[in-house]
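Chemist: Data file data.pdb (PDB, C-alpha atoms) is appended below.
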```pdb
MODEL        1
ATOM      1  CA  MET A   1       0.000   0.000   0.000  1.00  0.00           C
ATOM      2  CA  THR A   2       2.811   2.384   0.895  1.00  0.00           C
ATOM      3  CA  GLN A   3       4.521   1.714  -2.432  1.00  0.00           C
ATOM      4  CA  GLU A   4       1.256   2.515  -4.265  1.00  0.00           C
ATOM      5  CA  LEU A   5       0.948   5.776  -2.368  1.00  0.00           C
ATOM      6  CA  ASP A   6       4.558   6.673  -3.115  1.00  0.00           C
ATOM      7  CA  LEU A   7       4.087   5.981  -6.846  1.00  0.00           C
ATOM      8  CA  ASP A   8       0.851   7.962  -6.810  1.00  0.00           C
ATOM      9  CA  ALA A   9       2.725  10.945  -5.383  1.00  0.00           C
ATOM     10  CA  VAL A  10       5.476  10.585  -7.988  1.00  0.00           C
ATOM     11  CA  ILE A  11       2.911  10.552 -10.815  1.00  0.00           C
ATOM     12  CA  ARG A  12       1.420  13.789  -9.488  1.00  0.00           C
ATOM     13  CA  GLN A  13       4.900  15.336  -9.285  1.00  0.00           C
ATOM     14  CA  ARG A  14       5.637  14.250 -12.847  1.00  0.00           C
ATOM     15  CA  ILE A  15       2.454  15.832 -14.155  1.00  0.00           C
ATOM     16  CA  ARG A  16       3.135  19.098 -12.365  1.00  0.00           C
ATOM     17  CA  GLY A  17       6.851  19.085 -13.258  1.00  0.00           C
ATOM     18  CA  LEU A  18       6.229  18.452 -16.966  1.00  0.00           C
ATOM     19  CA  ARG A  19       3.542  21.110 -17.036  1.00  0.00           C
ATOM     20  CA  LEU A  20       5.801  23.726 -15.423  1.00  0.00           C
ATOM     21  CA  ALA A  21       8.733  22.733 -17.671  1.00  0.00           C
ATOM     22  CA  ARG A  22       6.574  23.684 -20.641  1.00  0.00           C
ATOM     23  CA  GLY A  23       5.553  26.953 -19.015  1.00  0.00           C
ATOM     24  CA  TRP A  24       1.878  25.973 -18.987  1.00  0.00           C
ATOM     25  CA  SER A  25      -0.730  27.090 -16.495  1.00  0.00           C
ATOM     26  CA  LEU A  26      -3.333  24.691 -15.126  1.00  0.00           C
ATOM     27  CA  ASP A  27      -5.850  26.195 -17.545  1.00  0.00           C
ATOM     28  CA  SER A  28      -3.513  25.640 -20.493  1.00  0.00           C
ATOM     29  CA  LEU A  29      -2.890  21.948 -19.750  1.00  0.00           C
ATOM     30  CA  ALA A  30      -6.530  21.384 -18.842  1.00  0.00           C
ATOM     31  CA  ALA A  31      -7.629  22.717 -22.238  1.00  0.00           C
ATOM     32  CA  ARG A  32      -5.179  20.394 -24.001  1.00  0.00           C
ATOM     33  CA  CYS A  33      -6.377  17.243 -22.219  1.00  0.00           C
ATOM     34  CA  PHE A  34     -10.063  18.201 -21.940  1.00  0.00           C
ATOM     35  CA  ILE A  35     -10.130  18.095 -18.135  1.00  0.00           C
ATOM     36  CA  SER A  36     -11.457  20.961 -16.041  1.00  0.00           C
ATOM     37  CA  PRO A  37      -8.758  23.118 -14.382  1.00  0.00           C
ATOM     38  CA  SER A  38     -10.225  22.391 -10.956  1.00  0.00           C
ATOM     39  CA  SER A  39     -10.050  18.622 -11.542  1.00  0.00           C
ATOM     40  CA  LEU A  40      -6.472  18.912 -12.802  1.00  0.00           C
ATOM     41  CA  SER A  41      -5.536  20.983  -9.769  1.00  0.00           C
ATOM     42  CA  ARG A  42      -6.981  18.347  -7.420  1.00  0.00           C
ATOM     43  CA  ILE A  43      -5.072  15.632  -9.297  1.00  0.00           C
ATOM     44  CA  GLU A  44      -1.764  17.486  -8.923  1.00  0.00           C
ATOM     45  CA  THR A  45      -2.320  18.267  -5.229  1.00  0.00           C
ATOM     46  CA  GLY A  46      -3.544  14.794  -4.262  1.00  0.00           C
ATOM     47  CA  HIS A  47      -7.108  15.800  -3.463  1.00  0.00           C
ATOM     48  CA  ARG A  48      -8.498  13.606  -6.206  1.00  0.00           C
ATOM     49  CA  ARG A  49      -7.778   9.996  -7.078  1.00  0.00           C
ATOM     50  CA  ILE A  50      -5.994   9.558 -10.406  1.00  0.00           C
ATOM     51  CA  ALA A  51      -8.014   7.595 -12.946  1.00  0.00           C
ATOM     52  CA  LEU A  52      -6.526   5.798 -15.945  1.00  0.00           C
ATOM     53  CA  ASP A  53      -8.897   7.511 -18.375  1.00  0.00           C
ATOM     54  CA  GLN A  54      -7.489  10.842 -17.153  1.00  0.00           C
ATOM     55  CA  LEU A  55      -3.836   9.841 -17.334  1.00  0.00           C
ATOM     56  CA  VAL A  56      -3.986   8.906 -21.016  1.00  0.00           C
ATOM     57  CA  PRO A  57      -5.016  12.383 -22.297  1.00  0.00           C
ATOM     58  CA  ILE A  58      -2.723  14.067 -19.740  1.00  0.00           C
ATOM     59  CA  ALA A  59       0.286  12.057 -20.925  1.00  0.00           C
ATOM     60  CA  ARG A  60      -0.575  12.768 -24.570  1.00  0.00           C
ATOM     61  CA  ALA A  61      -0.944  16.497 -23.901  1.00  0.00           C
ATOM     62  CA  LEU A  62       2.419  16.579 -22.068  1.00  0.00           C
ATOM     63  CA  GLY A  63       4.172  14.865 -24.975  1.00  0.00           C
ATOM     64  CA  THR A  64       5.024  11.734 -23.024  1.00  0.00           C
ATOM     65  CA  THR A  65       3.661   8.201 -22.754  1.00  0.00           C
ATOM     66  CA  LEU A  66       1.452   6.563 -20.173  1.00  0.00           C
ATOM     67  CA  ASP A  67       4.239   4.068 -19.426  1.00  0.00           C
ATOM     68  CA  ALA A  68       6.709   6.870 -18.701  1.00  0.00           C
ATOM     69  CA  LEU A  69       4.182   8.667 -16.504  1.00  0.00           C
ATOM     70  CA  VAL A  70       3.440   5.620 -14.331  1.00  0.00           C
ATOM     71  CA  GLU A  71       6.917   4.060 -14.385  1.00  0.00           C
ATOM     72  CA  SER A  72       7.784   2.533 -11.031  1.00  0.00           C
ATOM     73  CA  VAL A  73      10.327   4.261  -8.807  1.00  0.00           C
ATOM     74  CA  GLU A  74      12.408   1.264  -7.812  1.00  0.00           C
ATOM     75  CA  ASP A  75      15.735   1.501  -6.030  1.00  0.00           C
ATOM     76  CA  GLU A  76      17.707   0.575  -9.134  1.00  0.00           C
ATOM     77  CA  ASP A  77      21.436   0.999  -9.280  1.00  0.00           C
ATOM     78  CA  VAL A  78      22.009   4.406 -10.847  1.00  0.00           C
ATOM     79  CA  VAL A  79      25.790   4.052 -10.980  1.00  0.00           C
ATOM     80  CA  ILE A  80      27.237   2.899 -14.296  1.00  0.00           C
ATOM     81  CA  ARG A  81      30.514   0.994 -13.994  1.00  0.00           C
ATOM     82  CA  PRO A  82      31.939   0.899 -17.509  1.00  0.00           C
ATOM     83  CA  GLU A  83      34.249  -1.879 -18.616  1.00  0.00           C
ATOM     84  CA  PRO A  84      36.827  -0.882 -21.236  1.00  0.00           C
ATOM     85  CA  GLU A  85      36.512  -2.400 -24.694  1.00  0.00           C
ATOM     86  CA  HIS A  86      39.799  -2.594 -26.561  1.00  0.00           C
ATOM     87  CA  ALA A  87      40.737  -2.506 -30.215  1.00  0.00           C
ATOM     88  CA  LYS A  88      44.051  -1.545 -31.780  1.00  0.00           C
ATOM     89  CA  GLY A  89      44.647   2.098 -30.906  1.00  0.00           C
ATOM     90  CA  LEU A  90      41.172   2.517 -29.385  1.00  0.00           C
ATOM     91  CA  THR A  91      39.687   1.981 -25.929  1.00  0.00           C
ATOM     92  CA  THR A  92      36.002   2.672 -25.360  1.00  0.00           C
ATOM     93  CA  TRP A  93      34.036   3.039 -22.121  1.00  0.00           C
ATOM     94  CA  LEU A  94      30.243   3.065 -22.497  1.00  0.00           C
ATOM     95  CA  LEU A  95      28.778   5.612 -20.075  1.00  0.00           C
ATOM     96  CA  SER A  96      25.096   4.990 -20.784  1.00  0.00           C
ATOM     97  CA  ARG A  97      22.868   1.952 -20.675  1.00  0.00           C
ATOM     98  CA  GLU A  98      21.296   0.293 -23.686  1.00  0.00           C
ATOM     99  CA  GLY A  99      18.262   2.258 -24.840  1.00  0.00           C
ATOM    100  CA  ALA A 100      18.930   5.149 -22.460  1.00  0.00           C
ATOM    101  CA  LEU A 101      18.732   8.889 -23.142  1.00  0.00           C
ATOM    102  CA  ASN A 102      16.194   8.668 -25.948  1.00  0.00           C
ATOM    103  CA  GLY A 103      18.260   6.197 -27.930  1.00  0.00           C
ATOM    104  CA  VAL A 104      21.613   7.971 -27.785  1.00  0.00           C
ATOM    105  CA  THR A 105      24.841   6.412 -26.552  1.00  0.00           C
ATOM    106  CA  VAL A 106      27.386   8.277 -24.430  1.00  0.00           C
ATOM    107  CA  ALA A 107      30.943   7.002 -24.508  1.00  0.00           C
ATOM    108  CA  LYS A 108      34.449   7.962 -23.479  1.00  0.00           C
ATOM    109  CA  MET A 109      37.154   7.073 -25.992  1.00  0.00           C
ATOM    110  CA  ARG A 110      40.928   6.966 -25.840  1.00  0.00           C
ATOM    111  CA  ILE A 111      42.501   7.034 -29.285  1.00  0.00           C
ATOM    112  CA  THR A 112      46.208   6.603 -29.997  1.00  0.00           C
ATOM    113  CA  PRO A 113      48.108   7.341 -33.220  1.00  0.00           C
ATOM    114  CA  ASP A 114      48.505   3.617 -33.959  1.00  0.00           C
ATOM    115  CA  ARG A 115      44.746   3.211 -34.439  1.00  0.00           C
ATOM    116  CA  GLU A 116      44.030   1.397 -37.678  1.00  0.00           C
ATOM    117  CA  THR A 117      43.129   3.953 -40.340  1.00  0.00           C
ATOM    118  CA  LYS A 118      39.549   3.543 -41.506  1.00  0.00           C
ATOM    119  CA  GLN A 119      37.798   4.927 -44.524  1.00  0.00           C
ATOM    120  CA  PRO A 120      35.665   7.961 -43.606  1.00  0.00           C
ATOM    121  CA  GLN A 121      32.159   6.844 -42.721  1.00  0.00           C
ATOM    122  CA  VAL A 122      28.767   8.197 -43.706  1.00  0.00           C
ATOM    123  CA  HIS A 123      25.500   7.524 -41.882  1.00  0.00           C
ATOM    124  CA  PRO A 124      22.318   9.443 -40.979  1.00  0.00           C
ATOM    125  CA  GLY A 125      22.223  11.864 -38.055  1.00  0.00           C
ATOM    126  CA  ARG A 126      24.662  14.114 -36.233  1.00  0.00           C
ATOM    127  CA  GLU A 127      27.607  13.524 -33.903  1.00  0.00           C
ATOM    128  CA  TRP A 128      29.062  15.519 -31.038  1.00  0.00           C
ATOM    129  CA  PHE A 129      32.252  15.158 -29.042  1.00  0.00           C
ATOM    130  CA  THR A 130      34.349  17.195 -26.662  1.00  0.00           C
ATOM    131  CA  VAL A 131      38.082  16.758 -26.188  1.00  0.00           C
ATOM    132  CA  LEU A 132      39.231  15.878 -22.670  1.00  0.00           C
ATOM    133  CA  SER A 133      42.946  15.645 -23.453  1.00  0.00           C
ATOM    134  CA  GLY A 134      45.232  15.619 -26.466  1.00  0.00           C
ATOM    135  CA  THR A 135      44.340  16.953 -29.901  1.00  0.00           C
ATOM    136  CA  VAL A 136      41.796  15.299 -32.202  1.00  0.00           C
ATOM    137  CA  ARG A 137      42.314  15.120 -35.934  1.00  0.00           C
ATOM    138  CA  LEU A 138      38.839  15.286 -37.452  1.00  0.00           C
ATOM    139  CA  GLN A 139      38.584  14.468 -41.123  1.00  0.00           C
ATOM    140  CA  LEU A 140      35.357  15.961 -42.427  1.00  0.00           C
ATOM    141  CA  GLY A 141      34.925  15.614 -46.144  1.00  0.00           C
ATOM    142  CA  GLU A 142      37.959  17.231 -47.779  1.00  0.00           C
ATOM    143  CA  ARG A 143      38.863  19.159 -44.614  1.00  0.00           C
ATOM    144  CA  THR A 144      41.155  18.172 -41.762  1.00  0.00           C
ATOM    145  CA  ILE A 145      40.276  19.978 -38.536  1.00  0.00           C
ATOM    146  CA  LEU A 146      42.314  19.942 -35.305  1.00  0.00           C
ATOM    147  CA  VAL A 147      40.196  20.076 -32.137  1.00  0.00           C
ATOM    148  CA  ASP A 148      42.047  20.973 -28.926  1.00  0.00           C
ATOM    149  CA  PRO A 149      41.283  20.163 -25.256  1.00  0.00           C
ATOM    150  CA  GLY A 150      38.203  21.964 -23.978  1.00  0.00           C
ATOM    151  CA  GLN A 151      36.834  22.386 -27.481  1.00  0.00           C
ATOM    152  CA  ALA A 152      33.899  20.472 -28.947  1.00  0.00           C
ATOM    153  CA  ALA A 153      32.760  19.555 -32.432  1.00  0.00           C
ATOM    154  CA  GLU A 154      29.319  18.874 -33.847  1.00  0.00           C
ATOM    155  CA  PHE A 155      28.696  17.876 -37.436  1.00  0.00           C
ATOM    156  CA  SER A 156      26.378  16.128 -39.842  1.00  0.00           C
ATOM    157  CA  THR A 157      27.324  12.490 -40.240  1.00  0.00           C
ATOM    158  CA  MET A 158      26.113  12.565 -43.827  1.00  0.00           C
ATOM    159  CA  VAL A 159      29.516  14.147 -44.505  1.00  0.00           C
ATOM    160  CA  PRO A 160      32.287  11.502 -44.756  1.00  0.00           C
ATOM    161  CA  HIS A 161      34.116  11.667 -41.422  1.00  0.00           C
ATOM    162  CA  ALA A 162      36.854  10.010 -39.372  1.00  0.00           C
ATOM    163  CA  ILE A 163      38.246  10.798 -35.920  1.00  0.00           C
ATOM    164  CA  GLY A 164      41.894  10.188 -35.066  1.00  0.00           C
ATOM    165  CA  ALA A 165      44.680  11.247 -32.718  1.00  0.00           C
ATOM    166  CA  HIS A 166      47.079  14.035 -33.670  1.00  0.00           C
ATOM    167  CA  ALA A 167      50.656  13.848 -32.360  1.00  0.00           C
ATOM    168  CA  GLY A 168      49.824  11.704 -29.333  1.00  0.00           C
ATOM    169  CA  PRO A 169      46.984   9.988 -27.463  1.00  0.00           C
ATOM    170  CA  VAL A 170      43.643  11.748 -27.194  1.00  0.00           C
ATOM    171  CA  GLU A 171      40.606  11.251 -24.951  1.00  0.00           C
ATOM    172  CA  ILE A 172      37.129  12.387 -25.943  1.00  0.00           C
ATOM    173  CA  LEU A 173      33.609  12.273 -24.571  1.00  0.00           C
ATOM    174  CA  THR A 174      31.171  11.604 -27.378  1.00  0.00           C
ATOM    175  CA  ILE A 175      27.439  11.213 -27.969  1.00  0.00           C
ATOM    176  CA  PHE A 176      26.111   8.987 -30.763  1.00  0.00           C
ATOM    177  CA  ASP A 177      22.565   8.594 -31.961  1.00  0.00           C
ATOM    178  CA  HIS A 178      21.388   5.098 -32.944  1.00  0.00           C
ATOM    179  CA  ASP A 179      23.006   5.221 -36.382  1.00  0.00           C
ATOM    180  CA  GLY A 180      26.293   6.547 -35.011  1.00  0.00           C
ATOM    181  CA  ASP A 181      26.343   3.836 -32.357  1.00  0.00           C
ATOM    182  CA  ARG A 182      26.018   1.126 -35.006  1.00  0.00           C
ATOM    183  CA  ALA A 183      28.583   2.745 -37.284  1.00  0.00           C
ATOM    184  CA  HIS A 184      31.299   3.405 -34.688  1.00  0.00           C
ATOM    185  CA  LEU A 185      30.805   0.967 -31.824  1.00  0.00           C
ATOM    186  CA  HIS A 186      29.577  -2.183 -33.568  1.00  0.00           C
ATOM    187  CA  GLY A 187      31.334  -4.620 -35.842  1.00  0.00           C
ATOM    188  CA  PRO A 188      30.294  -5.368 -39.426  1.00  0.00           C
ATOM    189  CA  ASP A 189      27.892  -8.071 -38.228  1.00  0.00           C
ATOM    190  CA  GLY A 190      25.992  -5.568 -36.107  1.00  0.00           C
ATOM    191  CA  ASP A 191      27.239  -6.901 -32.754  1.00  0.00           C
ATOM    192  CA  ARG A 192      29.121  -4.665 -30.370  1.00  0.00           C
ATOM    193  CA  ALA A 193      32.815  -5.388 -30.508  1.00  0.00           C
ATOM    194  CA  LYS A 194      33.733  -7.868 -27.793  1.00  0.00           C
ATOM    195  CA  GLN A 195      36.534  -7.297 -25.364  1.00  0.00           C
ATOM    196  CA  PRO A 196      39.624  -9.384 -26.027  1.00  0.00           C
ATOM    197  CA  ALA A 197      40.579 -12.150 -23.647  1.00  0.00           C
ATOM    198  CA  SER A 198      42.347 -10.932 -20.537  1.00  0.00           C
ATOM    199  CA  LYS A 199      45.706 -12.183 -21.777  1.00  0.00           C
ATOM    200  CA  ASP A 200      45.359 -10.027 -24.901  1.00  0.00           C
ATOM    201  CA  ARG A 201      44.315  -6.862 -23.138  1.00  0.00           C
ATOM    202  CA  PRO A 202      46.845  -4.062 -22.861  1.00  0.00           C
ATOM    203  CA  LYS A 203      48.493  -3.805 -19.463  1.00  0.00           C
ATOM    204  CA  LYS A 204      47.640  -0.747 -17.396  1.00  0.00           C
TER     205      LYS A 204
ENDMDL
END
```
Transcribe the structure of this file into structure tokens.
Modeler:
Amino acid sequence: MTQELDLDAVIRQRIRGLRLARGWSLDSLAARCFISPSSLSRIETGHRRIALDQLVPIARALGTTLDALVESVEDEDVVIRPEPEHAKGLTTWLLSREGALNGVTVAKMRITPDRETKQPQVHPGREWFTVLSGTVRLQLGERTILVDPGQAAEFSTMVPHAIGAHAGPVEILTIFDHDGDRAHLHGPDGDRAKQPASKDRPKK
């Protein structure tokens, strides 16, 4: 019973929080979901029981889903403990879970000059990265761009592109959409590159 009450309170907070994030008044949201402002106010403040037939239009009006609105608040482990994945000249740490952040993947990469040179890739979407250390050599179409520590780059991935290290190792924090994830972090068979056996891994 307590868990139901806690979830009920969270749902009310989500409705109010999403409404305020959009800068909407009670009247504005009520008009969008065809519920009276007084009823919506009582829902948000806990003075009225939440009914499923009310949550559906509220979720739709707020631009979310019913599942997201009523998602349980379990004590899941929020800490991500990335394991390095190694390839020649490249180490990758995944900093997001599968399917998280609206389908984007966050990763930290360490690239060294001995990374195998790949043909510039093309795929739908956009990519973004920021340089943590070293200098990145970004090949973008016919251009070669050097990106220094503290700088970031964002570009259309419909332009042929390749990221490498310039004059020494480089570390970047990058965000891929679904297409970028498949192009850069998966092998040709569509599976994420597996870590080598422990005996083949570089020593720290």
Chemist: Do you have the atom CA of A:Glu83-atom CA of A:Ser96 distance handy?
Modeler: 11.6 Å
Chemist: Residues at most 10 Å from A:Ile11, counting all atoms listed in the file, excluding those fewer than 5 positions away in the same chain, as a ChimeraX atom specification?
Modeler: /A:5-6,16-17,43-44,50,55,68-73
Chemist: Return as a PyMOL selection string the set of residues that the PyMOL selection byres ((chain A and resi 85-92) around 7) yields on the displayed structure.
Modeler: chain A and resi 83-84+93-94+107-116+194-196
Chemist: Quick one: distance from atom CA of A:Met158 to atom CA of A:Thr105 in Å, one decimal?
Modeler: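 Separating atom CA of A:Met158 from atom CA of A:Thr105 is a distance of 18.4 Å.
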Chemist: Using the chain letters and numbers from this file, what does the PyMOL selection byres ((chain A and resi 149) around 8) select? Give the answer as a list in words.
Modeler: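 Given this file, the PyMOL selection byres ((chain A and resi 149) around 8) evaluates to Thr130, Val131, Leu132, Ser133, Gly134, Thr135, Val147, Asp148, Gly150 and Gln151 of chain A.
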Chemist: Figure out the distance between atom CA of A:Arg19 and atom CA of A:Asp177, please, to one decimal in Å.
Modeler: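 Between atom CA of A:Asp177 and atom CA of A:Arg19 the gap works out to 27.2 Å.
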Chemist: Check what the PyMOL selection byres ((chain A and resi 137) around 6) selects in the file above and give those residues as a tab-separated table (two decimals) with C-alpha atoms, in the coordinates of the input.
Modeler:
```tsv
chain	number	residue	atom	x	y	z
A	136	VAL	CA	41.80	15.30	-32.20
A	138	LEU	CA	38.84	15.29	-37.45
A	145	ILE	CA	40.28	19.98	-38.54
A	146	LEU	CA	42.31	19.94	-35.30
A	163	ILE	CA	38.25	10.80	-35.92
A	164	GLY	CA	41.89	10.19	-35.07
A	165	ALA	CA	44.68	11.25	-32.72
A	166	HIS	CA	47.08	14.04	-33.67
```
Chemist: Restricting the calculation to only C-alpha atoms: of A:Leu66, A:Ile35, A:Leu18, A:Val106, which residue gets closest to A:Ile172?
Modeler: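 For A:Ile172, the nearest of the given residues is A:Val106.
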Chemist: Find the residues near A:Ile80: any atom within 8 Å, counting all atoms listed in the file, skip ones fewer than 2 places away on the same chain, and give them as a PyMOL selection string.
Modeler: chain A and resi 77-78+82+95-97
Chemist: Produce the centre coordinates and the three edge lengths, each in Å to one decimal, of the box along x, y and z that contains all listed atoms of stretch 50-53 of chain A with 3 Å added on each side, as lines of an AutoDock Vina configuration file.
Modeler:
```
center_x = -7.4
center_y = 7.7
center_z = -14.4
size_x = 8.9
size_y = 9.8
size_z = 14.0
```
Chemist: Point out the residue among A:Ile175, A:Val56, A:Leu40, A:Ala9 with the least atom-to-atom distance to A:Ala152, counting only C-alpha atoms.
Modeler: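 Once distances to A:Ala152 are computed over only C-alpha atoms, the minimum belongs to A:Ile175.
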Chemist: Just checking: using all atoms listed in the file, which residue out of A:Pro120, A:Pro37, A:Pro160, A:Pro169 ends up closest to A:Trp24?
Modeler: A:Pro37
